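Colleague: So I've got this file, structure-v5.cif, and it contains mmCIF, C-alpha atoms:
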```cif
data_coords
loop_
_atom_site.label_atom_id
_atom_site.label_comp_id
_atom_site.auth_asym_id
_atom_site.auth_seq_id
_atom_site.Cartn_x
_atom_site.Cartn_y
_atom_site.Cartn_z
CA ASN A 1 -132.26 266.56 -138.96
CA ILE A 2 -134.75 268.93 -140.60
CA GLY A 3 -135.51 270.43 -137.19
CA ALA A 4 -131.83 271.10 -136.63
CA ARG A 5 -131.02 272.79 -139.92
CA GLU A 6 -134.44 274.12 -140.96
CA VAL A 7 -133.54 273.77 -144.65
CA MET A 8 -135.46 271.37 -146.85
CA LYS A 9 -134.35 269.84 -150.13
CA ILE A 10 -137.59 269.54 -152.09
CA VAL A 11 -138.42 267.77 -155.34
CA LEU A 12 -141.44 269.28 -157.10
CA ALA A 13 -143.13 266.76 -159.43
CA SER A 14 -145.64 268.30 -161.82
CA GLY A 15 -147.50 267.38 -164.99
CA ILE A 16 -147.02 270.90 -166.37
CA TYR A 17 -144.57 273.71 -165.76
CA PRO A 18 -143.73 276.98 -167.58
CA PRO A 19 -143.63 277.67 -170.46
CA ASP A 20 -146.82 275.59 -170.28
CA ALA A 21 -149.90 277.70 -169.54
CA GLY A 22 -152.45 276.96 -166.84
CA GLY A 23 -153.05 277.23 -163.13
CA PRO A 24 -151.00 274.17 -162.03
CA ALA A 25 -147.97 275.40 -164.01
CA THR A 26 -148.24 278.86 -162.49
CA TYR A 27 -148.72 277.41 -159.01
CA THR A 28 -145.74 275.06 -159.28
CA HIS A 29 -143.44 277.87 -160.44
CA ALA A 30 -144.71 280.21 -157.72
CA MET A 31 -144.16 277.60 -155.01
CA ALA A 32 -140.67 276.82 -156.34
CA ARG A 33 -139.81 280.52 -156.05
CA ALA A 34 -141.31 280.65 -152.55
CA PHE A 35 -139.23 277.65 -151.44
CA LEU A 36 -136.07 279.28 -152.78
CA ASP A 37 -136.86 282.64 -151.20
CA SER A 38 -137.37 280.86 -147.87
CA GLY A 39 -133.89 279.35 -148.07
CA HIS A 40 -134.83 275.85 -149.21
CA GLU A 41 -133.41 273.92 -152.16
CA VAL A 42 -135.61 272.90 -155.08
CA GLU A 43 -135.40 270.48 -157.99
CA ILE A 44 -138.27 270.14 -160.47
CA VAL A 45 -139.39 267.18 -162.57
CA CYS A 46 -142.11 267.86 -165.15
CA TYR A 47 -143.52 266.79 -168.49
CA SER A 48 -142.78 269.21 -171.28
CA ASP A 49 -142.88 269.92 -175.00
CA VAL A 50 -139.61 271.84 -174.54
CA ALA A 51 -136.41 269.84 -174.91
CA LYS A 52 -134.19 272.12 -172.82
CA GLN A 53 -133.47 270.65 -169.39
CA ASN A 54 -132.70 273.65 -167.20
CA SER A 55 -134.87 276.72 -167.72
CA ASP A 56 -134.12 278.41 -164.40
CA GLN A 57 -130.61 279.33 -163.28
CA GLU A 58 -131.42 278.82 -159.59
CA MET A 59 -132.86 275.31 -159.74
CA LYS A 60 -132.65 272.16 -161.80
CA VAL A 61 -135.61 271.49 -164.08
CA HIS A 62 -135.76 267.96 -165.53
CA ARG A 63 -138.15 267.83 -168.47
CA VAL A 64 -139.64 264.53 -169.64
CA ALA A 65 -140.84 264.64 -173.25
CA ARG A 66 -144.62 264.67 -173.37
CA LYS A 67 -144.64 263.13 -176.87
CA LEU A 68 -143.31 259.79 -175.58
CA PRO A 69 -145.71 256.83 -175.26
CA VAL A 70 -147.36 256.82 -171.82
CA PRO A 71 -145.50 253.81 -170.33
CA ILE A 72 -142.08 255.16 -171.38
CA ARG A 73 -143.03 258.68 -170.28
CA TYR A 74 -144.07 257.48 -166.84
CA LEU A 75 -140.92 255.34 -166.45
CA ARG A 76 -138.67 258.29 -167.31
CA PHE A 77 -140.59 260.57 -164.96
CA CYS A 78 -140.27 257.98 -162.19
CA TRP A 79 -136.53 257.63 -162.79
CA GLN A 80 -135.95 261.40 -162.76
CA VAL A 81 -137.87 261.79 -159.48
CA TYR A 82 -136.00 258.84 -157.94
CA ARG A 83 -132.61 260.30 -158.93
CA ALA A 84 -133.53 263.72 -157.54
CA LEU A 85 -134.86 262.22 -154.30
CA LYS A 86 -131.57 260.49 -153.52
CA LYS A 87 -130.25 263.90 -152.39
CA ALA A 88 -133.59 265.38 -151.27
CA ASP A 89 -135.80 265.23 -148.18
CA LEU A 90 -139.21 264.78 -149.79
CA VAL A 91 -141.30 265.17 -152.94
CA TYR A 92 -144.22 267.56 -153.40
CA ILE A 93 -146.47 266.01 -156.08
CA GLN A 94 -148.93 268.02 -158.17
CA GLY A 95 -151.86 265.71 -158.87
CA PRO A 96 -152.65 262.03 -158.27
CA VAL A 97 -152.24 260.46 -161.73
CA ALA A 98 -149.82 261.73 -164.41
CA ALA A 99 -147.31 263.05 -161.89
CA GLY A 100 -148.78 261.16 -158.95
CA LEU A 101 -148.27 257.56 -160.06
CA PRO A 102 -144.61 257.71 -161.15
CA ALA A 103 -143.61 260.13 -158.36
CA THR A 104 -145.27 257.98 -155.68
CA ILE A 105 -143.48 254.86 -156.94
CA ALA A 106 -140.18 256.78 -157.04
CA SER A 107 -140.61 258.04 -153.47
CA LEU A 108 -141.41 254.55 -152.21
CA MET A 109 -138.27 253.23 -153.92
CA ALA A 110 -136.20 256.06 -152.43
CA LYS A 111 -137.94 255.70 -149.04
CA LYS A 112 -138.70 259.42 -148.91
CA PRO A 113 -141.94 261.07 -147.73
CA ARG A 114 -144.41 262.67 -150.11
CA VAL A 115 -146.97 265.45 -150.03
CA MET A 116 -149.60 265.67 -152.78
CA LYS A 117 -151.77 268.53 -153.97
CA VAL A 118 -155.21 267.53 -155.33
CA VAL A 119 -157.37 270.13 -157.09
CA GLY A 120 -159.91 267.80 -158.69
CA ASP A 121 -160.90 264.25 -159.64
CA TYR A 122 -159.13 263.31 -162.86
CA ALA A 123 -161.11 260.07 -163.28
CA TRP A 124 -164.35 262.05 -163.12
CA GLU A 125 -163.18 264.51 -165.79
CA VAL A 126 -162.19 261.70 -168.16
CA TYR A 127 -165.52 260.00 -167.45
CA GLN A 128 -167.47 263.07 -168.57
CA GLY A 129 -165.83 263.07 -171.99
CA ALA A 130 -166.14 259.30 -172.44
CA ARG A 131 -169.79 259.32 -171.36
CA ARG A 132 -170.77 262.05 -173.80
CA GLU A 133 -168.83 260.48 -176.67
CA ALA A 134 -170.19 256.97 -176.12
CA GLN A 135 -173.74 257.73 -175.05
CA GLY A 136 -174.39 261.23 -176.38
CA VAL A 137 -175.34 262.34 -172.87
CA GLU A 138 -175.41 266.12 -172.67
CA GLU A 139 -176.00 266.63 -168.93
CA PRO A 140 -172.82 266.00 -166.89
CA GLU A 141 -172.89 263.67 -163.93
CA LEU A 142 -171.72 265.76 -161.00
CA LEU A 143 -168.74 264.72 -158.94
CA ASP A 144 -170.87 264.32 -155.80
CA GLU A 145 -172.78 261.51 -157.53
CA PHE A 146 -169.76 260.06 -159.36
CA VAL A 147 -167.90 259.17 -156.16
CA THR A 148 -170.87 257.23 -154.76
CA HIS A 149 -170.78 254.25 -157.16
CA PRO A 150 -168.16 252.06 -158.88
CA HIS A 151 -167.19 252.28 -162.55
CA ALA A 152 -165.64 249.95 -165.10
CA GLY A 153 -162.80 249.86 -167.62
CA LYS A 154 -160.40 252.78 -167.97
CA ILE A 155 -162.32 254.93 -165.48
CA ARG A 156 -162.04 252.24 -162.81
CA TRP A 157 -158.27 252.06 -163.32
CA LEU A 158 -157.94 255.84 -163.06
CA GLU A 159 -159.98 255.75 -159.85
CA ARG A 160 -157.71 253.07 -158.43
CA ILE A 161 -154.58 255.04 -159.34
CA GLU A 162 -155.68 258.35 -157.82
CA ARG A 163 -157.01 256.69 -154.69
CA TRP A 164 -153.84 254.61 -154.20
CA THR A 165 -151.46 257.54 -154.71
CA ALA A 166 -153.50 259.87 -152.47
CA LYS A 167 -153.67 257.30 -149.68
CA LYS A 168 -149.90 256.76 -149.94
CA ALA A 169 -149.22 260.48 -149.46
CA HIS A 170 -148.23 261.60 -145.96
CA ARG A 171 -150.27 264.78 -146.47
CA VAL A 172 -152.82 265.72 -149.13
CA ILE A 173 -153.26 269.47 -149.70
CA VAL A 174 -156.62 270.59 -151.13
CA PRO A 175 -157.92 274.13 -151.77
CA SER A 176 -161.38 273.73 -150.19
CA GLN A 177 -163.36 271.84 -147.56
CA TYR A 178 -165.45 270.44 -150.40
CA LEU A 179 -162.44 268.75 -151.99
CA ALA A 180 -161.31 267.58 -148.57
CA GLN A 181 -164.56 265.62 -148.33
CA ILE A 182 -164.08 264.23 -151.84
CA VAL A 183 -160.58 262.87 -151.15
CA LYS A 184 -161.84 261.35 -147.92
CA THR A 185 -164.26 259.26 -150.01
CA TRP A 186 -161.11 257.90 -151.69
CA GLY A 187 -159.99 256.48 -148.36
CA VAL A 188 -157.69 259.35 -147.33
CA SER A 189 -157.85 259.91 -143.57
CA ASP A 190 -158.70 263.14 -141.76
CA GLU A 191 -155.14 263.30 -140.39
CA GLN A 192 -153.67 263.30 -143.91
CA VAL A 193 -155.72 266.21 -145.30
CA ARG A 194 -154.77 269.89 -145.10
CA VAL A 195 -157.00 272.61 -146.56
CA ILE A 196 -154.91 275.48 -147.95
CA GLU A 197 -156.91 277.92 -150.06
CA ASN A 198 -155.50 279.04 -153.40
CA ALA A 199 -154.01 282.51 -153.31
CA VAL A 200 -155.06 285.21 -155.75
CA HIS A 201 -153.18 288.01 -157.47
CA PRO A 202 -155.51 291.04 -157.10
CA PHE A 203 -156.07 293.09 -160.24
CA ASP A 204 -154.83 296.67 -160.46
CA LEU A 205 -157.50 298.10 -162.73
CA THR A 206 -157.58 301.16 -164.91
CA PRO A 207 -160.98 302.87 -165.16
CA ALA A 208 -163.08 301.55 -168.01
CA PRO A 209 -164.84 303.84 -170.49
CA SER A 210 -168.52 304.41 -169.81
CA ASN A 211 -170.80 301.82 -171.36
CA GLN A 212 -174.57 301.89 -171.77
CA LEU A 213 -174.71 298.10 -171.60
CA ARG A 214 -174.66 296.15 -168.34
CA THR A 215 -172.05 293.45 -168.54
CA LEU A 216 -172.12 289.92 -167.15
CA LEU A 217 -168.67 288.35 -167.16
CA THR A 218 -167.56 284.75 -166.66
CA VAL A 219 -164.07 283.26 -166.92
CA VAL A 220 -164.11 279.48 -167.37
CA ARG A 221 -162.66 276.49 -169.12
CA ALA A 222 -165.21 275.54 -171.77
CA VAL A 223 -166.35 272.18 -170.37
CA PRO A 224 -169.91 270.91 -169.79
CA TRP A 225 -170.05 271.24 -166.01
CA LYS A 226 -169.42 275.00 -166.18
CA GLN A 227 -173.04 275.31 -167.47
CA ILE A 228 -172.47 278.52 -169.42
CA ASP A 229 -175.21 277.41 -171.83
CA PHE A 230 -177.58 277.79 -168.85
CA ILE A 231 -176.73 281.52 -168.63
CA ILE A 232 -176.91 281.96 -172.41
CA LYS A 233 -180.44 280.52 -172.42
CA LEU A 234 -181.48 283.00 -169.72
CA LEU A 235 -180.29 286.04 -171.65
CA PRO A 236 -183.37 286.47 -173.92
CA ARG A 237 -185.48 286.80 -170.75
CA LEU A 238 -183.27 289.57 -169.34
CA PRO A 239 -183.45 293.26 -170.32
CA SER A 240 -181.93 294.03 -173.72
CA ASP A 241 -179.18 296.17 -172.19
CA VAL A 242 -177.57 293.09 -170.57
CA GLN A 243 -174.65 291.49 -172.40
CA LEU A 244 -172.61 288.38 -171.55
CA ILE A 245 -168.83 288.06 -171.97
CA VAL A 246 -167.37 284.53 -171.80
CA ALA A 247 -163.58 284.33 -171.46
CA GLY A 248 -161.80 281.00 -171.86
CA ASP A 249 -161.58 278.14 -174.34
CA GLY A 250 -162.13 274.40 -174.42
CA PRO A 251 -164.16 271.65 -176.10
CA GLU A 252 -167.59 273.20 -175.42
CA LEU A 253 -166.83 276.53 -177.06
CA GLY A 254 -168.25 275.51 -180.45
CA LYS A 255 -171.46 274.26 -178.84
CA TRP A 256 -171.89 277.52 -176.94
CA GLN A 257 -171.29 279.52 -180.13
CA SER A 258 -173.95 277.49 -181.97
CA LEU A 259 -176.40 278.14 -179.13
CA VAL A 260 -175.71 281.89 -179.31
CA GLN A 261 -176.45 281.86 -183.04
CA SER A 262 -179.59 279.74 -182.69
CA LEU A 263 -180.98 282.20 -180.12
CA ASP A 264 -179.99 285.20 -182.29
CA LEU A 265 -177.80 286.59 -179.50
CA ASP A 266 -174.70 287.49 -181.54
CA GLY A 267 -175.04 291.13 -180.51
CA ARG A 268 -175.37 290.33 -176.81
CA VAL A 269 -172.95 287.43 -176.21
CA GLN A 270 -169.22 287.53 -176.89
CA LEU A 271 -167.10 284.39 -176.62
CA VAL A 272 -163.70 286.07 -176.42
CA GLY A 273 -161.56 282.94 -175.91
CA ARG A 274 -158.48 282.69 -173.73
CA LEU A 275 -157.15 286.05 -172.60
CA ASP A 276 -153.85 287.16 -171.13
CA ARG A 277 -153.83 288.94 -167.78
CA GLN A 278 -153.94 292.45 -169.28
CA GLN A 279 -156.88 291.61 -171.56
CA LEU A 280 -158.70 289.96 -168.65
CA SER A 281 -158.02 293.02 -166.51
CA ASP A 282 -159.73 295.18 -169.14
CA TRP A 283 -162.87 293.03 -169.00
CA TYR A 284 -162.87 292.99 -165.19
CA ALA A 285 -162.80 296.79 -165.32
CA ARG A 286 -165.84 296.85 -167.64
CA ALA A 287 -167.88 294.11 -165.96
CA ASP A 288 -170.78 294.85 -163.63
CA LEU A 289 -171.44 291.29 -162.39
CA PHE A 290 -169.52 288.01 -162.41
CA VAL A 291 -171.47 284.76 -162.90
CA LEU A 292 -170.41 281.15 -162.31
CA PRO A 293 -173.34 278.68 -162.55
CA SER A 294 -171.06 275.60 -162.53
CA GLY A 295 -171.91 272.15 -161.22
CA TYR A 296 -168.37 271.63 -159.95
CA GLU A 297 -165.57 273.81 -158.64
CA GLY A 298 -162.79 272.69 -156.34
CA PHE A 299 -161.97 276.26 -155.40
CA ALA A 300 -162.62 278.77 -158.18
CA HIS A 301 -159.84 281.36 -157.95
CA VAL A 302 -161.75 283.49 -160.48
CA ILE A 303 -164.32 284.32 -157.77
CA PRO A 304 -161.93 286.11 -155.37
CA GLU A 305 -160.17 287.45 -158.46
CA ALA A 306 -163.42 289.12 -159.53
CA VAL A 307 -164.04 290.39 -156.00
CA SER A 308 -160.53 291.91 -155.98
CA ALA A 309 -161.67 293.89 -159.02
CA GLY A 310 -164.73 295.11 -157.12
CA ILE A 311 -167.23 292.93 -159.00
CA PRO A 312 -170.09 291.24 -157.12
CA CYS A 313 -170.54 287.55 -157.95
CA PHE A 314 -173.51 285.23 -158.49
CA VAL A 315 -172.40 281.60 -158.09
CA SER A 316 -174.05 278.18 -157.88
CA ASP A 317 -174.37 276.26 -154.63
CA ARG A 318 -172.25 273.33 -155.87
CA GLY A 319 -168.67 272.25 -155.19
CA GLY A 320 -166.46 274.73 -153.37
CA ASN A 321 -168.52 277.77 -154.44
CA PRO A 322 -170.42 278.27 -151.15
CA GLU A 323 -167.10 278.44 -149.28
CA THR A 324 -166.21 281.60 -151.17
CA LYS A 325 -169.12 283.36 -149.49
CA GLU A 326 -167.70 282.41 -146.09
CA LEU A 327 -164.43 284.08 -147.12
CA LEU A 328 -165.75 287.04 -149.12
CA GLY A 329 -169.08 287.87 -147.46
CA ASP A 330 -171.75 289.95 -149.14
CA ARG A 331 -169.80 290.20 -152.39
CA ILE A 332 -171.04 286.65 -153.14
CA THR A 333 -174.63 285.59 -153.84
CA VAL A 334 -175.11 281.81 -153.82
CA LEU A 335 -177.97 280.56 -156.02
CA PRO A 336 -179.45 277.06 -156.49
CA TYR A 337 -177.80 275.03 -159.23
CA LEU A 338 -179.68 275.27 -162.57
CA ASP A 339 -182.73 276.85 -160.89
CA GLU A 340 -183.99 279.13 -163.67
CA ALA A 341 -186.52 280.94 -161.50
CA ALA A 342 -183.97 281.77 -158.80
CA TRP A 343 -181.32 282.96 -161.24
CA LEU A 344 -183.78 285.03 -163.26
CA HIS A 345 -185.17 286.64 -160.11
CA ALA A 346 -181.65 287.57 -158.97
CA LEU A 347 -180.55 288.85 -162.39
CA GLN A 348 -183.70 290.88 -162.97
CA LYS A 349 -183.34 292.76 -159.68
CA PRO A 350 -180.92 295.71 -159.37
CA TRP A 351 -177.42 294.27 -159.24
CA PRO A 352 -175.12 294.95 -156.27
CA SER A 353 -172.78 297.86 -156.88
CA LYS A 354 -169.08 297.50 -157.66
CA VAL A 355 -166.92 298.05 -154.57
CA GLN A 356 -163.20 297.22 -154.43
CA ARG A 357 -162.07 295.72 -151.15
CA PRO A 358 -158.86 294.01 -150.04
CA LEU A 359 -158.97 290.23 -150.07
CA PRO A 360 -158.80 288.36 -146.76
CA GLU A 361 -155.29 287.46 -145.64
CA VAL A 362 -155.91 283.73 -146.09
CA LEU A 363 -156.08 284.28 -149.88
CA THR A 364 -152.72 286.04 -150.13
CA PHE A 365 -149.59 284.37 -151.51
CA PRO A 366 -147.40 284.79 -148.41
CA VAL A 367 -150.00 282.97 -146.27
CA MET A 368 -150.56 280.17 -148.81
CA GLN A 369 -146.83 279.70 -149.27
CA GLN A 370 -146.05 279.64 -145.55
CA ARG A 371 -148.86 277.20 -144.79
CA THR A 372 -147.56 274.92 -147.57
CA ILE A 373 -143.98 275.09 -146.25
CA ASP A 374 -145.27 274.31 -142.75
CA THR A 375 -147.10 271.25 -144.10
CA LEU A 376 -143.96 269.96 -145.82
CA LYS A 377 -141.96 270.44 -142.62
CA GLU A 378 -144.69 268.64 -140.70
CA VAL A 379 -144.07 265.36 -142.53
CA LEU A 380 -140.33 265.56 -141.79
#
```
Kindly present the structure from the file in structure tokens form.

Modeller:
Amino acid sequence: NIGAREVMKIVLASGIYPPDAGGPATYTHAMARAFLDSGHEVEIVCYSDVAKQNSDQEMKVHRVARKLPVPIRYLRFCWQVYRALKKADLVYIQGPVAAGLPATIASLMAKKPRVMKVVGDYAWEVYQGARREAQGVEEPELLDEFVTHPHAGKIRWLERIERWTAKKAHRVIVPSQYLAQIVKTWGVSDEQVRVIENAVHPFDLTPAPSNQLRTLLTVVRAVPWKQIDFIIKLLPRLPSDVQLIVAGDGPELGKWQSLVQSLDLDGRVQLVGRLDRQQLSDWYARADLFVLPSGYEGFAHVIPEAVSAGIPCFVSDRGGNPETKELLGDRITVLPYLDEAAWLHALQKPWPSKVQRPLPEVLTFPVMQQRTIDTLKEVL
């Protein structure tokens, strides 16, 4: 019947949703608006710290209290998805665990199809924190290695959950070919996977005041695999007119600050914390080069974001980073992961100039939204 009427009734199941901050919340809200603008009907189920049920006049938003114990929280989430699915065509699930487990069970009970978006490996992220806390291991185990061997305890259960829910999905949407290969190691088939790159809002910049310093900028969540300490340690070996700006917060921020102080770099490194879009726009206008030495990225939207601001980028050769060069061309320089000699050589040479160019069409919101809608229709 979907082919006849061309209108879908969609349940969006997400772990976070506005007023929560973060990429998944922004994405879920943007897709809900896109579904509505395309003539489809939308109902949202999410976890929330906000008690109010409906926060959008055009669609129902069912909020499950995040403060509840996990079993009760998951049961309520499952029930809300099941109720919504009784009048819907399918569920679009954001993530394989917190939203994925209860929403998958609900869709099986309701006998409705499901599409899942996967932007990372939750079991791997939890493993990094547990490994450092239990063993004091500083160097993160990269995702490429993590998926090659079994684990025990809580991590094993998380692996089982995300693999089961992903395999049960009729389609799994990922933002990069790299993540497509990761979910295939979970047992997801080629036919189930669709690569749809994350869209980017280009920055409309105002000219920055002249600055005698040359500015390296990075925008990251402060977690070990971002390897910002690697860049900080390189700074004393770079010319004294080079400064580093680190935007973002997270558990590693204190460690990075201590490293800055121990290397006597307070005048050359600024950890500016989480910034709103206007503040970030100001730093993009001032920056001369964007750096991302991370050991893992699914698809780093900050790379095309920087390119939209005219900033050339130096990125590691891990995760989805090399794919950005295929999309963005000579604006991206891919360097070997944690190779001090290669990074120093690149940073000590004259940096590429700033040149603003339009982003490729595949990274625009209308294309991402239409490809997502097409994927949902495909399963019906």

Colleague: Produce a table with one row for each residue of stretch 261-379 of chain A that has an atom at most 8 Å from any atom of stretch 177-187 of chain A, each row naming the nearest atom pair and its distance in Å at one decimal; use all atoms listed in the file; arrange rows by chain and rising residue number; format as a Markdown table.

Modeller:
```
| residue | atom | partner | partner_atom | distance |
| --- | --- | --- | --- | --- |
| A:Gly298 | CA | A:Leu179 | CA | 5.9 |
| A:Gly319 | CA | A:Tyr178 | CA | 6.0 |
| A:Gly320 | CA | A:Tyr178 | CA | 5.3 |
| A:Glu323 | CA | A:Gln177 | CA | 7.8 |
```

Colleague: Between A:Ile93, A:Leu335, A:Leu376, A:Ala30, single out the one closest to A:Gly295, counting all atoms listed in the file.

Modeller: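 Residue with the minimum atom-to-atom distance to A:Gly295: A:Leu335.
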
Colleague: So which residues touch A:Ile303 within 8 Å, counting only C-alpha atoms, skipping near sequence neighbours fewer than 2 positions away, as a ChimeraX atom specification?

Modeller: /A:290,300-301,305-307,313,324

Colleague: What are the nearest atom pairs, with distances in Å to one decimal, for all residues of stretch 129-245 of chain A that come at most 8 Å from stretch 351-373 of chain A, using all atoms listed in the file, set out by chain and rising residue number as a Markdown table?

Modeller:
```
| residue | atom | partner | partner_atom | distance |
| --- | --- | --- | --- | --- |
| A:Ile196 | CA | A:Met368 | CA | 6.5 |
| A:Glu197 | CA | A:Leu363 | CA | 6.4 |
| A:Asn198 | CA | A:Leu363 | CA | 6.3 |
| A:Ala199 | CA | A:Leu363 | CA | 4.4 |
| A:Val200 | CA | A:Leu363 | CA | 6.0 |
| A:His201 | CA | A:Thr364 | CA | 7.6 |
| A:Pro202 | CA | A:Leu359 | CA | 7.9 |
```

Colleague: Suppose you want the space between atom CA of A:Val302 and atom CA of A:Val220; what is it in Å?

Modeller: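 It comes out at 8.3 Å.
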
Colleague: Written as a ChimeraX atom specification, which residues does the PyMOL selection byres ((chain A and resi 167) around 12) give for the file shown?

Modeller: /A:96,100-101,104,114-116,118,160-166,168-172,183-193

Colleague: Determine the nearest neighbour of A:Pro140 from the options A:Tyr127, A:Tyr17, A:Trp343, A:Trp256, counting all atoms listed in the file.

Modeller: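 So, comparing all the options, the nearest one is A:Tyr127.
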
Colleague: By how many Å are atom CA of A:Phe299 and atom CA of A:Ser107 apart?

Modeller: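 Value for the atom CA of A:Phe299-atom CA of A:Ser107 distance: 28.1 Å.
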
Colleague: How close does stretch 292-355 of chain A get to stretch 231-247 of chain A? List, as a tab-separated table, each residue of stretch 292-355 of chain A within 10 Å, its nearest atom pair and the distance in Å to one decimal, counting all atoms listed in the file.

Modeller:
```
residue	atom	partner	partner_atom	distance
A:Leu292	CA	A:Ile231	CA	8.9
A:Pro293	CA	A:Ile231	CA	7.5
A:Leu338	CA	A:Ile231	CA	9.2
A:Glu340	CA	A:Leu234	CA	7.6
A:Ala341	CA	A:Leu234	CA	9.9
A:Trp343	CA	A:Leu234	CA	8.5
A:Leu344	CA	A:Leu234	CA	7.2
A:His345	CA	A:Leu238	CA	9.9
A:Leu347	CA	A:Leu238	CA	7.5
A:Gln348	CA	A:Leu238	CA	6.5
```

Colleague: Record the distance separating atom CA of A:Lys111 and atom CA of A:Val7, expressed in Å with one decimal.

Modeller: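 Straight-line distance from atom CA of A:Lys111 to atom CA of A:Val7 works out to 19.1 Å.
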
Colleague: Could you list the residues chosen by the PyMOL selection byres ((chain A and resi 119-121) around 7) in this structure as a list in words?

Modeller: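 What the PyMOL selection byres ((chain A and resi 119-121) around 7) grabs from the file is Lys117, Val118, Tyr122, Ala123, Trp124, Glu125, Val174, Pro175 and Gly298 of chain A.
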
Colleague: What does the PyMOL selection byres ((chain A and resi 45) around 6) select in this file, as a list in words?

Modeller: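 So the PyMOL selection byres ((chain A and resi 45) around 6), applied here, picks out Ala13, Ile44, Cys46, Val61 and His62 of chain A.
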
Colleague: Find the smallest box with edges along x, y and z containing every listed atom of stretch 198-215 of chain A, then add 5 Å on each side and report centre and edge lengths in Å to one decimal, as JSON.

Modeller:
```
{"center_x": -163.9, "center_y": 291.7, "center_z": -162.5, "size_x": 31.5, "size_y": 35.4, "size_z": 28.5}
```

Colleague: Where atoms are absent from stretch 235-239 of chain A, fill them in so it carries all heavy atoms, then output it as a tab-separated table (two decimals), in the coordinates of the input.

Modeller:
```
chain	number	residue	atom	x	y	z
A	235	LEU	N	-180.50	284.67	-171.17
A	235	LEU	CA	-180.29	286.04	-171.65
A	235	LEU	C	-181.50	286.64	-172.39
A	235	LEU	O	-181.82	287.81	-172.18
A	235	LEU	CB	-179.04	286.09	-172.54
A	235	LEU	CG	-178.29	287.42	-172.51
A	235	LEU	CD1	-177.78	287.74	-171.11
A	235	LEU	CD2	-177.13	287.41	-173.50
A	236	PRO	N	-182.21	285.87	-173.25
A	236	PRO	CA	-183.37	286.47	-173.92
A	236	PRO	C	-184.46	286.93	-172.96
A	236	PRO	O	-185.31	287.75	-173.33
A	236	PRO	CB	-183.87	285.33	-174.82
A	236	PRO	CG	-182.68	284.45	-175.03
A	236	PRO	CD	-181.92	284.51	-173.75
A	237	ARG	N	-184.46	286.42	-171.73
A	237	ARG	CA	-185.48	286.80	-170.75
A	237	ARG	C	-185.00	287.91	-169.82
A	237	ARG	O	-185.70	288.29	-168.89
A	237	ARG	CB	-185.88	285.56	-169.95
A	237	ARG	CG	-186.50	284.49	-170.85
A	237	ARG	CD	-186.35	283.09	-170.33
A	237	ARG	NE	-187.17	282.83	-169.16
A	237	ARG	CZ	-187.20	281.66	-168.51
A	237	ARG	NH1	-186.42	280.66	-168.92
A	237	ARG	NH2	-187.97	281.51	-167.46
A	238	LEU	N	-183.80	288.43	-170.09
A	238	LEU	CA	-183.27	289.57	-169.34
A	238	LEU	C	-183.39	290.83	-170.18
A	238	LEU	O	-183.54	290.76	-171.41
A	238	LEU	CB	-181.81	289.32	-168.98
A	238	LEU	CG	-181.54	288.13	-168.05
A	238	LEU	CD1	-180.03	287.93	-167.85
A	238	LEU	CD2	-182.22	288.33	-166.70
A	239	PRO	N	-183.35	292.01	-169.56
A	239	PRO	CA	-183.45	293.26	-170.32
A	239	PRO	C	-182.42	293.32	-171.45
A	239	PRO	O	-181.32	292.76	-171.35
A	239	PRO	CB	-183.18	294.33	-169.26
A	239	PRO	CG	-183.62	293.70	-167.98
A	239	PRO	CD	-183.28	292.25	-168.10
```
